[in-house]
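Source file: entry.cif. Holds: mmCIF, C-alpha atoms.
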data_protein
loop_
_atom_site.label_atom_id
_atom_site.label_comp_id
_atom_site.auth_asym_id
_atom_site.auth_seq_id
_atom_site.Cartn_x
_atom_site.Cartn_y
_atom_site.Cartn_z
CA MET V 14 -137.54 -19.64 83.97
CA SER V 15 -138.97 -17.06 86.33
CA GLU V 16 -138.21 -13.39 85.88
CA ASP V 17 -136.13 -13.48 89.04
CA ALA V 18 -133.97 -16.26 87.72
CA ALA V 19 -133.58 -14.49 84.39
CA LEU V 20 -132.47 -11.38 86.21
CA ARG V 21 -129.94 -13.42 88.20
CA VAL V 22 -128.49 -14.89 84.99
CA ARG V 23 -128.30 -11.40 83.54
CA GLU V 24 -126.36 -10.27 86.60
CA THR V 25 -124.04 -13.26 86.20
CA VAL V 26 -123.37 -12.29 82.59
CA ASP V 27 -122.61 -8.72 83.71
CA ALA V 28 -120.27 -9.97 86.43
CA VAL V 29 -118.48 -12.30 84.02
CA TYR V 30 -118.15 -9.41 81.58
CA ARG V 31 -116.50 -7.27 84.24
CA SER V 32 -114.18 -9.97 85.54
CA ASP V 33 -113.34 -11.92 82.39
CA SER V 34 -114.06 -10.00 79.20
CA ARG V 35 -110.42 -8.84 78.86
CA ARG V 36 -109.14 -12.38 79.38
CA VAL V 37 -111.54 -13.70 76.77
CA LEU V 38 -110.48 -10.93 74.38
CA ALA V 39 -106.78 -11.66 74.89
CA THR V 40 -107.29 -15.32 74.00
CA LEU V 41 -109.53 -14.51 71.04
CA ILE V 42 -106.85 -12.20 69.63
CA ARG V 43 -104.41 -15.10 69.71
CA LEU V 44 -106.87 -17.57 68.20
CA LEU V 45 -108.09 -15.21 65.48
CA GLY V 46 -104.87 -13.24 64.92
CA ASP V 47 -106.69 -9.93 64.59
CA PHE V 48 -107.72 -7.29 67.15
CA ASP V 49 -110.87 -6.07 65.40
CA LEU V 50 -112.10 -9.55 64.59
CA ALA V 51 -111.52 -10.57 68.22
CA GLU V 52 -113.46 -7.59 69.57
CA GLU V 53 -116.38 -8.36 67.30
CA ALA V 54 -116.23 -12.01 68.39
CA LEU V 55 -116.15 -10.97 72.06
CA HIS V 56 -119.38 -9.02 71.67
CA ASP V 57 -121.00 -11.83 69.70
CA ALA V 58 -120.05 -14.26 72.45
CA PHE V 59 -121.62 -12.14 75.19
CA ARG V 60 -124.71 -11.59 73.05
CA ALA V 61 -125.00 -15.38 72.72
CA ALA V 62 -124.56 -15.75 76.49
CA VAL V 63 -127.41 -13.31 77.17
CA GLU V 64 -129.62 -15.37 74.88
CA GLN V 65 -128.58 -18.87 75.83
CA TRP V 66 -127.65 -18.88 79.52
CA PRO V 67 -131.17 -18.05 80.77
CA ARG V 68 -132.45 -20.99 78.69
CA ASP V 69 -129.65 -23.56 79.12
CA GLY V 70 -128.20 -22.48 82.44
CA VAL V 71 -124.83 -20.86 83.19
CA PRO V 72 -122.02 -23.14 81.94
CA ALA V 73 -119.58 -24.64 84.45
CA ASN V 74 -116.68 -22.66 82.97
CA PRO V 75 -118.18 -19.44 81.59
CA ARG V 76 -114.84 -18.14 80.32
CA ALA V 77 -114.12 -21.25 78.24
CA TRP V 78 -117.70 -21.16 76.94
CA LEU V 79 -117.31 -17.53 75.85
CA ILE V 80 -113.95 -18.13 74.15
CA SER V 81 -115.35 -21.11 72.32
CA ALA V 82 -118.52 -19.24 71.30
CA GLY V 83 -116.56 -16.17 70.19
CA ARG V 84 -114.18 -18.22 68.11
CA PHE V 85 -117.00 -20.16 66.52
CA LYS V 86 -118.93 -16.99 65.65
CA ALA V 87 -115.84 -15.34 64.15
CA ILE V 88 -114.98 -18.35 61.99
CA ASP V 89 -118.59 -18.66 60.94
CA GLY V 90 -118.56 -14.98 59.98
CA LEU V 91 -115.29 -15.35 58.05
CA ARG V 92 -116.65 -18.30 56.10
CA ARG V 93 -119.81 -16.45 55.23
CA ARG V 94 -117.84 -13.41 54.11
CA ALA V 95 -115.46 -15.59 52.09
CA ARG V 96 -118.42 -17.20 50.32
CA LEU V 97 -119.83 -13.79 49.56
CA ASP V 98 -116.53 -12.39 48.31
CA ALA V 99 -115.83 -14.95 45.65
CA LEU V 100 -115.71 -18.70 45.59
CA ASP V 101 -112.37 -18.88 43.80
CA ASP V 102 -110.78 -16.23 45.97
CA GLY V 103 -108.82 -18.93 47.77
CA ALA V 104 -109.94 -17.85 51.24
CA GLU V 105 -107.63 -19.51 53.73
CA PRO V 106 -109.33 -22.06 55.94
CA VAL V 107 -109.09 -21.14 59.60
CA GLU V 108 -107.03 -23.63 61.58
CA PRO V 109 -109.09 -25.37 64.21
CA ALA V 110 -107.63 -24.62 67.62
CA THR V 111 -106.81 -27.47 69.93
CA GLU V 112 -109.22 -28.02 72.78
CA ASP V 113 -106.71 -27.06 75.46
CA ALA V 114 -106.06 -23.74 73.77
CA TRP V 115 -108.01 -21.97 76.50
CA ASP V 116 -106.93 -23.64 79.70
CA ASP V 117 -106.32 -21.24 82.58
CA GLU V 118 -102.58 -21.05 82.17
CA GLY V 119 -102.86 -20.35 78.46
CA VAL V 120 -105.37 -17.61 79.17
CA GLU V 121 -103.02 -15.89 81.63
CA ASP V 122 -100.25 -16.05 79.01
CA ASP V 123 -102.60 -14.38 76.58
CA ARG V 124 -103.18 -11.45 78.93
CA LEU V 125 -99.43 -10.98 79.12
CA ARG V 126 -99.12 -11.23 75.32
CA LEU V 127 -101.78 -8.54 75.03
CA ILE V 128 -99.93 -6.18 77.40
CA PHE V 129 -96.59 -6.63 75.64
CA THR V 130 -98.15 -6.15 72.22
CA CYS V 131 -100.02 -2.98 73.25
CA CYS V 132 -96.81 -1.58 74.80
CA HIS V 133 -94.53 -2.58 71.91
CA PRO V 134 -91.82 0.08 71.50
CA ALA V 135 -92.51 0.16 67.74
CA LEU V 136 -95.81 1.90 68.54
CA PRO V 137 -95.81 5.63 69.38
CA PRO V 138 -95.91 6.17 73.17
CA GLU V 139 -99.31 7.89 73.17
CA ALA V 140 -100.71 5.00 71.14
CA GLN V 141 -99.26 2.49 73.62
CA VAL V 142 -101.12 4.21 76.44
CA ALA V 143 -104.40 4.47 74.52
CA LEU V 144 -104.24 0.90 73.26
CA THR V 145 -103.42 -0.49 76.71
CA LEU V 146 -106.36 1.32 78.31
CA ARG V 147 -108.64 0.23 75.49
CA GLU V 148 -107.63 -3.42 75.09
CA VAL V 149 -106.17 -4.44 78.45
CA CYS V 150 -108.34 -2.32 80.76
CA GLY V 151 -111.45 -2.28 78.59
CA LEU V 152 -112.04 1.48 78.77
CA THR V 153 -114.10 2.92 75.94
CA THR V 154 -112.50 5.35 73.49
CA GLU V 155 -114.71 8.11 74.96
CA GLU V 156 -113.53 7.36 78.50
CA ILE V 157 -109.88 7.47 77.44
CA ALA V 158 -110.42 10.69 75.51
CA ARG V 159 -112.10 12.29 78.53
CA ALA V 160 -109.32 11.19 80.85
CA PHE V 161 -106.61 12.60 78.58
CA LEU V 162 -108.62 15.71 77.70
CA SER V 163 -108.34 14.96 74.01
CA ALA V 164 -110.96 14.62 71.30
CA ALA V 165 -112.49 11.17 70.92
CA PRO V 166 -111.98 11.07 67.12
CA THR V 167 -108.26 11.86 67.57
CA LEU V 168 -107.95 9.06 70.07
CA ALA V 169 -109.95 6.64 67.95
CA GLN V 170 -107.67 7.46 65.02
CA ARG V 171 -104.60 6.79 67.16
CA ILE V 172 -105.95 3.37 68.14
CA VAL V 173 -106.92 2.50 64.56
CA ARG V 174 -103.42 3.41 63.33
CA ALA V 175 -101.77 1.39 66.07
CA LYS V 176 -103.88 -1.66 65.24
CA ALA V 177 -103.04 -1.23 61.55
CA LYS V 178 -99.35 -1.16 62.39
CA ILE V 179 -99.65 -4.28 64.55
CA ARG V 180 -101.25 -6.02 61.58
CA ASP V 181 -99.15 -4.64 58.69
CA ALA V 182 -95.72 -4.60 60.31
CA ARG V 183 -96.64 -7.88 62.03
CA ILE V 184 -95.91 -6.95 65.61
CA PRO V 185 -95.99 -10.39 67.21
CA TYR V 186 -98.52 -11.46 69.81
CA GLN V 187 -96.02 -12.97 72.20
CA VAL V 188 -94.23 -12.57 75.48
CA PRO V 189 -90.69 -11.41 74.64
CA SER V 190 -87.76 -13.77 75.06
CA VAL V 191 -85.85 -13.68 78.34
CA ALA V 192 -83.04 -11.76 76.61
CA ASP V 193 -85.44 -9.01 75.48
CA LEU V 194 -87.57 -8.97 78.63
CA PRO V 195 -85.78 -6.21 80.56
CA ASP V 196 -86.06 -3.74 77.65
CA ARG V 197 -89.61 -4.67 76.83
CA LEU V 198 -90.74 -4.67 80.46
CA ASP V 199 -89.37 -1.14 80.74
CA SER V 200 -91.68 -0.04 78.01
CA VAL V 201 -94.67 -1.67 79.75
CA LEU V 202 -93.79 -0.12 83.11
CA ARG V 203 -93.42 3.29 81.48
CA VAL V 204 -96.93 3.02 80.04
CA VAL V 205 -98.38 1.98 83.40
CA TYR V 206 -96.61 4.86 85.18
CA LEU V 207 -97.75 7.33 82.51
CA VAL V 208 -101.34 6.24 83.03
CA PHE V 209 -100.87 6.60 86.79
CA ASN V 210 -99.31 10.05 86.57
CA GLU V 211 -101.99 11.27 84.24
CA GLY V 212 -104.44 10.44 87.01
CA TYR V 213 -102.29 11.51 89.92
CA SER V 214 -101.08 14.92 88.85
CA ALA V 215 -104.47 16.12 87.66
CA SER V 216 -106.06 19.00 89.53
CA SER V 217 -109.11 18.17 91.62
CA GLY V 218 -111.50 19.81 89.17
CA THR V 219 -111.45 16.74 86.98
CA SER V 220 -110.48 14.42 89.78
CA LEU V 221 -113.26 11.91 89.20
CA THR V 222 -112.17 10.65 85.81
CA ARG V 223 -108.51 11.17 86.64
CA HIS V 224 -108.86 9.10 89.78
CA ASP V 225 -110.10 6.28 87.58
CA LEU V 226 -106.84 6.43 85.64
CA SER V 227 -104.72 6.00 88.78
CA GLY V 228 -106.98 3.12 89.76
CA GLU V 229 -106.52 1.51 86.34
CA ALA V 230 -102.75 1.92 86.60
CA ILE V 231 -102.70 0.23 90.01
CA ARG V 232 -104.90 -2.55 88.66
CA LEU V 233 -102.44 -2.96 85.77
CA GLY V 234 -99.55 -2.95 88.23
CA ARG V 235 -101.19 -5.74 90.25
CA LEU V 236 -101.83 -7.75 87.10
CA LEU V 237 -98.20 -7.31 86.05
CA ILE V 238 -96.65 -8.53 89.28
CA GLU V 239 -99.02 -11.46 89.23
CA LEU V 240 -97.83 -12.37 85.72
CA VAL V 241 -94.21 -11.12 85.77
CA PRO V 242 -93.00 -10.94 89.38
CA GLU V 243 -89.94 -8.90 88.39
CA PRO V 244 -88.58 -6.59 91.11
CA GLU V 245 -88.98 -3.58 88.82
CA ALA V 246 -92.69 -4.29 88.41
CA VAL V 247 -93.06 -4.82 92.17
CA GLY V 248 -91.25 -1.53 92.74
CA LEU V 249 -93.55 0.33 90.39
CA LEU V 250 -96.67 -0.96 92.13
CA ALA V 251 -95.18 0.06 95.48
CA LEU V 252 -94.42 3.53 94.16
CA MET V 253 -97.95 3.96 92.84
CA LEU V 254 -99.58 2.72 96.06
CA LEU V 255 -97.47 4.97 98.27
CA GLN V 256 -98.25 8.01 96.14
CA GLU V 257 -101.90 7.11 95.87
CA SER V 258 -102.14 6.74 99.66
CA ARG V 259 -101.80 10.52 100.00
CA ARG V 260 -104.34 11.39 97.30
CA THR V 261 -107.10 12.79 99.54
CA ALA V 262 -104.63 14.74 101.65
CA ARG V 263 -102.98 16.31 98.62
CA SER V 264 -105.61 18.89 97.83
CA SER V 265 -107.72 21.23 99.90
CA PRO V 266 -111.53 21.25 99.58
CA ALA V 267 -111.03 24.29 97.33
CA GLY V 268 -108.88 22.15 95.06
CA GLU V 269 -105.52 23.70 95.92
CA LEU V 270 -102.40 21.61 96.28
CA VAL V 271 -101.44 20.89 99.91
CA LEU V 272 -97.72 20.32 100.35
CA LEU V 273 -96.49 17.30 102.21
CA ALA V 274 -95.55 19.07 105.43
CA ASP V 275 -99.02 20.62 105.69
CA GLN V 276 -101.02 17.52 104.87
CA ASP V 277 -103.54 16.07 107.29
CA ARG V 278 -101.92 12.70 107.79
CA SER V 279 -105.07 11.11 109.17
CA LEU V 280 -106.32 11.26 105.60
CA TRP V 281 -103.53 9.02 104.34
CA ASN V 282 -104.70 5.56 103.31
CA ARG V 283 -103.07 3.17 105.80
CA ASP V 284 -103.93 0.02 103.84
CA GLN V 285 -102.22 1.32 100.72
CA ILE V 286 -99.20 2.40 102.77
CA ALA V 287 -98.93 -1.03 104.40
CA GLU V 288 -99.23 -2.80 101.07
CA GLY V 289 -96.79 -0.38 99.43
CA LEU V 290 -94.19 -0.82 102.16
CA ALA V 291 -94.46 -4.59 102.04
CA LEU V 292 -93.83 -4.42 98.30
CA VAL V 293 -90.85 -2.12 98.88
CA GLU V 294 -89.32 -4.73 101.17
CA ARG V 295 -90.01 -7.43 98.60
CA ALA V 296 -88.44 -5.45 95.76
CA LEU V 297 -85.41 -4.43 97.82
CA SER V 298 -84.78 -7.96 99.02
CA SER V 299 -84.09 -8.92 95.40
CA ARG V 300 -80.90 -6.81 95.61
CA GLN V 301 -81.36 -5.66 92.01
CA PHE V 302 -81.75 -1.96 91.42
CA GLY V 303 -83.51 -0.25 88.57
CA PRO V 304 -85.01 3.17 87.98
CA THR V 305 -88.39 2.71 89.65
CA ARG V 306 -86.94 1.27 92.80
CA SER V 307 -84.51 4.12 93.26
CA ARG V 308 -87.23 6.66 92.48
CA ARG V 309 -89.45 4.98 94.99
CA ARG V 310 -86.74 4.68 97.60
CA SER V 311 -86.38 8.42 97.55
CA ARG V 312 -90.05 8.76 98.35
CA ARG V 313 -90.80 5.92 100.67
CA CYS V 314 -89.81 7.93 103.67
CA THR V 315 -92.85 10.13 103.27
CA PRO V 316 -95.89 8.08 104.15
CA ARG V 317 -94.39 6.35 107.15
CA ARG V 318 -94.43 9.31 109.47
CA PRO V 319 -97.65 10.23 111.25
CA THR V 320 -96.47 13.76 112.05
CA PRO V 321 -94.48 16.16 109.92
CA LEU V 322 -90.81 16.68 110.58
CA PRO V 323 -89.45 20.15 111.26
CA ARG V 324 -88.54 21.62 107.92
CA THR V 325 -84.88 21.14 107.10
CA GLY V 326 -84.57 22.46 103.61
CA PRO V 327 -86.25 24.63 101.03
CA ARG V 328 -89.84 23.60 100.48
CA SER V 329 -90.87 23.62 96.89
CA SER V 330 -92.77 20.39 96.45
CA ASP V 331 -93.66 17.09 98.02
CA PHE V 332 -90.69 15.58 96.32
CA THR V 333 -87.99 17.91 97.63
CA THR V 334 -89.44 17.92 101.13
CA CYS V 335 -89.22 14.18 101.09
CA TRP V 336 -85.75 14.28 99.63
CA HIS V 337 -84.42 16.41 102.47
CA ALA V 338 -86.06 14.40 105.22
CA PRO V 339 -84.09 11.68 106.97
CA ILE V 340 -85.37 8.13 106.68
CA ARG V 341 -86.94 6.72 109.84
CA ARG V 342 -88.91 3.65 110.75
CA PRO V 343 -92.71 3.84 110.58
CA TRP V 344 -95.33 4.60 113.19
CA SER V 345 -93.53 2.69 115.92
CA SER V 346 -90.59 5.10 116.03
CA MET L 9 -92.88 -11.84 55.66
CA LYS L 10 -90.44 -9.52 53.89
CA TYR L 11 -88.94 -6.45 55.52
CA MET L 12 -86.79 -3.74 53.95
CA LEU L 13 -84.13 -2.48 56.32
CA LEU L 14 -83.09 0.97 55.14
CA ILE L 15 -79.80 2.18 56.55
CA TYR L 16 -79.53 5.92 57.13
CA LEU L 17 -76.39 7.71 58.20
CA ASP L 18 -74.50 10.95 57.83
CA GLU L 19 -72.40 9.83 54.89
CA LEU L 20 -69.79 12.55 55.41
CA ALA L 21 -69.13 11.46 58.98
CA LEU L 22 -67.68 8.14 57.88
CA SER L 23 -63.95 7.63 57.39
CA GLU L 24 -62.61 5.35 54.68
CA THR L 25 -61.45 2.81 57.28
CA GLU L 26 -64.84 2.83 58.97
CA ARG L 27 -66.50 2.24 55.62
CA GLU L 28 -64.24 -0.73 54.90
CA GLU L 29 -64.91 -2.19 58.36
CA CYS L 30 -68.63 -1.72 57.83
CA TYR L 31 -68.50 -3.66 54.54
CA VAL L 32 -66.64 -6.54 56.17
CA GLU L 33 -69.08 -6.73 59.09
CA SER L 34 -72.14 -6.35 56.84
CA THR L 35 -70.93 -9.12 54.55
CA GLN L 36 -70.46 -11.34 57.58
CA LEU L 37 -74.01 -10.55 58.76
CA ALA L 38 -75.40 -11.28 55.28
CA GLN L 39 -73.69 -14.69 55.32
CA GLU L 40 -75.11 -15.46 58.76
CA ILE L 41 -78.69 -14.58 57.89
CA LYS L 42 -78.33 -16.40 54.58
CA ALA L 43 -77.49 -19.53 56.58
CA SER L 44 -80.63 -19.06 58.68
CA GLY L 45 -82.78 -18.52 55.58
CA GLN L 46 -83.57 -14.86 56.27
CA TYR L 47 -81.42 -13.21 53.59
CA LEU L 48 -82.94 -11.91 50.35
CA ALA L 49 -80.64 -9.06 49.24
CA ALA L 50 -78.30 -6.38 50.55
CA HIS L 51 -76.19 -3.58 49.08
CA PRO L 52 -74.39 -0.45 50.14
CA LEU L 53 -75.06 2.62 47.98
CA HIS L 54 -72.66 5.20 46.58
CA PRO L 55 -73.02 8.58 48.34
CA THR L 56 -75.79 11.02 47.44
CA SER L 57 -73.25 13.11 45.49
CA THR L 58 -73.64 10.44 42.79
CA ALA L 59 -77.46 10.51 42.91
CA THR L 60 -79.69 11.51 40.02
CA SER L 61 -83.40 12.21 40.37
CA VAL L 62 -85.90 11.79 37.57
CA ARG L 63 -89.44 13.15 37.34
CA VAL L 64 -91.89 12.88 34.48
CA ARG L 65 -94.51 15.63 34.30
CA GLY L 66 -96.94 16.00 31.43
CA GLY L 67 -95.01 13.38 29.46
CA LYS L 68 -91.84 15.43 29.75
CA ARG L 69 -88.84 14.13 31.70
CA PHE L 70 -86.86 16.19 34.17
CA VAL L 71 -83.49 14.84 35.16
CA THR L 72 -81.74 16.60 38.05
CA ASP L 73 -78.62 16.15 40.07
CA GLY L 74 -78.85 15.00 43.70
CA PRO L 75 -81.22 13.10 45.95
CA PHE L 76 -84.98 13.61 46.18
CA ALA L 77 -84.63 15.54 49.42
CA GLU L 78 -81.70 17.01 51.31
CA THR L 79 -81.66 15.47 54.77
CA ARG L 80 -79.32 15.26 57.72
CA GLU L 81 -78.97 11.51 57.27
CA GLN L 82 -78.92 9.83 53.89
CA LEU L 83 -79.89 6.40 52.64
CA GLY L 84 -76.60 4.52 52.55
CA GLY L 85 -77.65 0.93 51.91
CA TYR L 86 -80.24 -1.71 52.55
CA PHE L 87 -80.96 -5.27 53.58
CA LEU L 88 -84.02 -7.07 52.25
CA ILE L 89 -84.87 -9.88 54.65
CA ASP L 90 -87.44 -12.54 55.31
CA ALA L 91 -88.55 -12.59 58.96
CA ARG L 92 -91.35 -14.19 60.92
CA ASP L 93 -92.46 -10.94 62.52
CA LEU L 94 -91.31 -7.46 63.51
CA ASP L 95 -89.40 -8.69 66.56
CA GLU L 96 -87.31 -11.00 64.39
CA ALA L 97 -86.69 -8.13 61.94
CA ILE L 98 -85.61 -5.88 64.82
CA GLY L 99 -83.27 -8.66 65.94
CA ILE L 100 -81.51 -8.51 62.56
CA ALA L 101 -81.59 -4.71 62.27
CA VAL L 102 -79.67 -4.27 65.53
CA ARG L 103 -76.86 -6.40 64.09
CA ILE L 104 -76.32 -4.07 61.12
CA PRO L 105 -73.05 -2.22 61.90
CA MET L 106 -74.40 1.17 60.81
CA ALA L 107 -77.19 0.88 63.44
CA ARG L 108 -74.47 1.96 65.88
CA LYS L 109 -73.69 5.16 63.92
CA GLY L 110 -76.84 6.02 62.02
CA SER L 111 -80.24 4.37 62.13
CA VAL L 112 -82.03 1.50 60.46
CA GLU L 113 -85.62 2.01 59.33
CA ILE L 114 -87.65 -1.19 59.14
CA ARG L 115 -90.41 -1.19 56.55
CA PRO L 116 -92.71 -4.15 55.96
CA VAL L 117 -92.88 -5.01 52.27
CA ILE L 118 -96.22 -5.20 50.48
CA GLU L 119 -96.59 -8.32 48.38
CA ILE L 120 -98.41 -7.55 45.16
CA ALA L 121 -99.51 -10.01 42.52
CA GLY L 122 -97.84 -10.12 39.12
CA LEU L 123 -94.25 -9.33 40.06
CA PRO L 124 -91.64 -11.62 38.46
CA ALA L 125 -90.60 -14.45 40.79
CA ASP L 126 -87.06 -14.58 42.17
#
Final structure tokens representation of the file:
Amino acid sequence: MSEDAALRVRETVDAVYRSDSRRVLATLIRLLGDFDLAEEALHDAFRAAVEQWPRDGVPANPRAWLISAGRFKAIDGLRRRARLDALDDGAEPVEPATEDAWDDEGVEDDRLRLIFTCCHPALPPEAQVALTLREVCGLTTEEIARAFLSAAPTLAQRIVRAKAKIRDARIPYQVPSVADLPDRLDSVLRVVYLVFNEGYSASSGTSLTRHDLSGEAIRLGRLLIELVPEPEAVGLLALMLLQESRRTARSSPAGELVLLADQDRSLWNRDQIAEGLALVERALSSRQFGPTRSRRRSRRCTPRRPTPLPRTGPRSSDFTTCWHAPIRRPWSS
Amino acid sequence: MKYMLLIYLDELALSETEREECYVESTQLAQEIKASGQYLAAHPLHPTSTATSVRVRGGKRFVTDGPFAETREQLGGYFLIDARDLDEAIGIAVRIPMARKGSVEIRPVIEIAGLPAD
């Protein structure tokens, strides 16, 4: 294979890593029943891809290939370790998974399992956030530590403890039952909103990394409504998009906060506003009301208006300005 | 997998009637989870005023009155259950009547070799 072709395969592997590594991980966790083992298997699988794809060609279904390779490597490793440990140790044979264990639908279920497990209310809230960013979003421990302005070892410790609790207290790797879903979804939405706020309310000095957090939260929000199209999840994504739409207008070049009434509205992101408003309509049409939808309803008046209204009440923040302003239709009005 | 459900409550805040009602409801719960194969053991405990603590230091025993630590809520009873995972254990814990007044701490049990079988 020419160097060009090898480079192209390498780029394919990189692209598959970006688009699919979290999906592969989620399925490997289910198949192997252990977070650390699955992460190791994920890296082994991509290492194998880098070696084999240039030689054998890119497989028709790269994701299935990676899951299969990862699982094989992990089981192989377990067997070798078991042999080393002691022959009479009674190492449990690993159940062979059925071939359809990694069809597309199953893989999507696994992503949802991963989110619900990382956001399990039995884990401390700060661990839920860290674990979600690490396992679901694929951020490194260093990236998470930087974003939350905490020390990497502290964060690593938090993640290690959370994984130990998942294993020892046997927090299940499953989507909660319909009866438990509202409670459990709340906990997931809270984590996503926490991640968003951490990025949104940061001062501009550290805006680069913080911006990434808001982006991750919106990505998570999109993933959620794709997997659980509950009105509350739709409402949260709308809320995040509408807030995010004003990001660039929110601070001056010197990094000072610009209040809503003084913002340069040409800086507002129209695409995000349009998407956010469409989601608002979708969530409201469900006629069910929860906390994020009411919170968002109180704010949705803000990004619609191209020019500021005359001030009607005390101005202390974006939120109160918005609260005092009457609701009107968008640009057309 | 075994879980110990430790029931904590302010033992002085409970009236005699409430205690009786709690026993009736807890017994009912024990029967239900016995039927579903999740029951291992359960007991209420006498209040901490009846507690005795023992320590052995340097081969010498120290017997004192009262619980190990004075706390706002005291251990008032327990359920030992067999559950598939934490979610199933939580499902049982929320049915314990004292979960509505105090709190139920769920602790996974470590299985060690050499203990006498049931």
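Distances here use all atoms listed in the file; by that measure, the residue among L:Ile118, L:Ile100, L:Ala50, L:Leu88 closest to chain V is L:Ile118.
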I'd like the contact shell of Leu254 in chain V - 7 Å cut-off, only C-alpha atoms, skipping same-chain residues fewer than 3 positions apart - returned as a compact mmCIF listing (two decimals) with C-alpha atoms, in the coordinates of the input.
# COMPACT_ATOMS: atom_id res chain seq x y z
CA LEU V 250 -96.67 -0.96 92.13
CA ALA V 251 -95.18 0.06 95.48
CA GLU V 257 -101.90 7.11 95.87
CA SER V 258 -102.14 6.74 99.66
CA GLN V 285 -102.22 1.32 100.72
CA ILE V 286 -99.20 2.40 102.77
CA GLY V 289 -96.79 -0.38 99.43
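Interface residues on chain V toward chain L (cut-off 6 Å, all atoms listed in the file): Ala182, Arg183, Ile184 and Pro185 of chain V.
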Selection near range 26-43 of chain L, 8 Å with all atoms listed in the file, sequence-local residues under 5 positions removed, as a ChimeraX atom specification: /L:48,50,103-106
Could you save those same residues with C-alpha atoms as a short mmCIF file (atom, residue, chain, number, x, y, z; two decimals), in the coordinates of the input?
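Contents of selection-v3.cif, freshly written:
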data_model
loop_
_atom_site.label_atom_id
_atom_site.label_comp_id
_atom_site.auth_asym_id
_atom_site.auth_seq_id
_atom_site.Cartn_x
_atom_site.Cartn_y
_atom_site.Cartn_z
CA LEU L 48 -82.94 -11.91 50.35
CA ALA L 50 -78.30 -6.38 50.55
CA ARG L 103 -76.86 -6.40 64.09
CA ILE L 104 -76.32 -4.07 61.12
CA PRO L 105 -73.05 -2.22 61.90
CA MET L 106 -74.40 1.17 60.81
#
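Between CA of Thr56 in chain L and CA of Met12 in chain L lies a distance of 19.5 Å.
Our summary of the geometry notes that CA of Ala177 in chain V is positioned 18.1 Å from CA of Leu44 in chain V.
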Test item: residues at most 7 Å from range 125-140 of chain V, only C-alpha atoms, excluding those fewer than 4 positions along its chain, as a count of residues only: 16
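Interatomic distance, CA of Val205 in chain V to CA of Gly234 in chain V: 7.0 Å.
Minimum atom-to-atom distances from L:Ser111, L:Ser44, L:Thr72, L:Ser61 to Glu19 in chain L were compared using only C-alpha atoms, and the lowest value belongs to L:Ser111.
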Proximity to Asp89 in chain V - best of V:Pro244, V:Thr153, V:Ala62, V:Ala54, all atoms listed in the file: V:Ala54
Residues near Thr58 in chain L, cut-off 8 Å, all atoms listed in the file, skip fewer than 3 positions along chain, as a PyMOL selection string: chain L and resi 54-55+74
Near Phe161 in chain V, within 10 Å and counting all atoms listed in the file, which residues show up once chain neighbours fewer than 2 positions away are dropped, as a CSV table (one decimal) with C-alpha atoms, in the coordinates of the input?
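Result file follows (around_3.csv):
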chain,number,residue,atom,x,y,z
V,143,ALA,CA,-104.4,4.5,74.5
V,155,GLU,CA,-114.7,8.1,75.0
V,156,GLU,CA,-113.5,7.4,78.5
V,157,ILE,CA,-109.9,7.5,77.4
V,158,ALA,CA,-110.4,10.7,75.5
V,159,ARG,CA,-112.1,12.3,78.5
V,163,SER,CA,-108.3,15.0,74.0
V,164,ALA,CA,-111.0,14.6,71.3
V,165,ALA,CA,-112.5,11.2,70.9
V,168,LEU,CA,-108.0,9.1,70.1
V,208,VAL,CA,-101.3,6.2,83.0
V,211,GLU,CA,-102.0,11.3,84.2
V,212,GLY,CA,-104.4,10.4,87.0
V,215,ALA,CA,-104.5,16.1,87.7
V,222,THR,CA,-112.2,10.6,85.8
V,223,ARG,CA,-108.5,11.2,86.6
V,226,LEU,CA,-106.8,6.4,85.6
What are the centre and the three edge lengths of an axis-aligned box that wraps all atoms of range 45-52 of chain L in the file, given that 6 Å is added to every side, written as lines of an AutoDock Vina configuration file and rounded to one decimal in Å?
center_x = -79.0
center_y = -9.5
center_z = 52.7
size_x = 21.2
size_y = 30.1
size_z = 19.2
Residues selected by the PyMOL selection byres ((chain L and resi 113) around 6), written as an MDAnalysis selection string: chainID L and resid 13:14 112 114
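Residues near the point (-107.3, 9.2, 102.0), at a distance of 8 Å or less over all atoms listed in the file, make up V:Ser258, V:Arg259, V:Arg260, V:Thr261, V:Ala262, V:Ser279, V:Leu280, V:Trp281, V:Asn282.
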Hits from the PyMOL selection byres ((chain V and resi 79) around 9), listed as an NGL selection string: :V and (34 or 37 or 55 or 58-59 or 61-62 or 74-78 or 80-84)
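Considering all atoms listed in the file, the residue among V:Thr154, V:Asp193, V:Gln276, V:Glu148 positioned nearest to Pro166 in chain V is V:Thr154.
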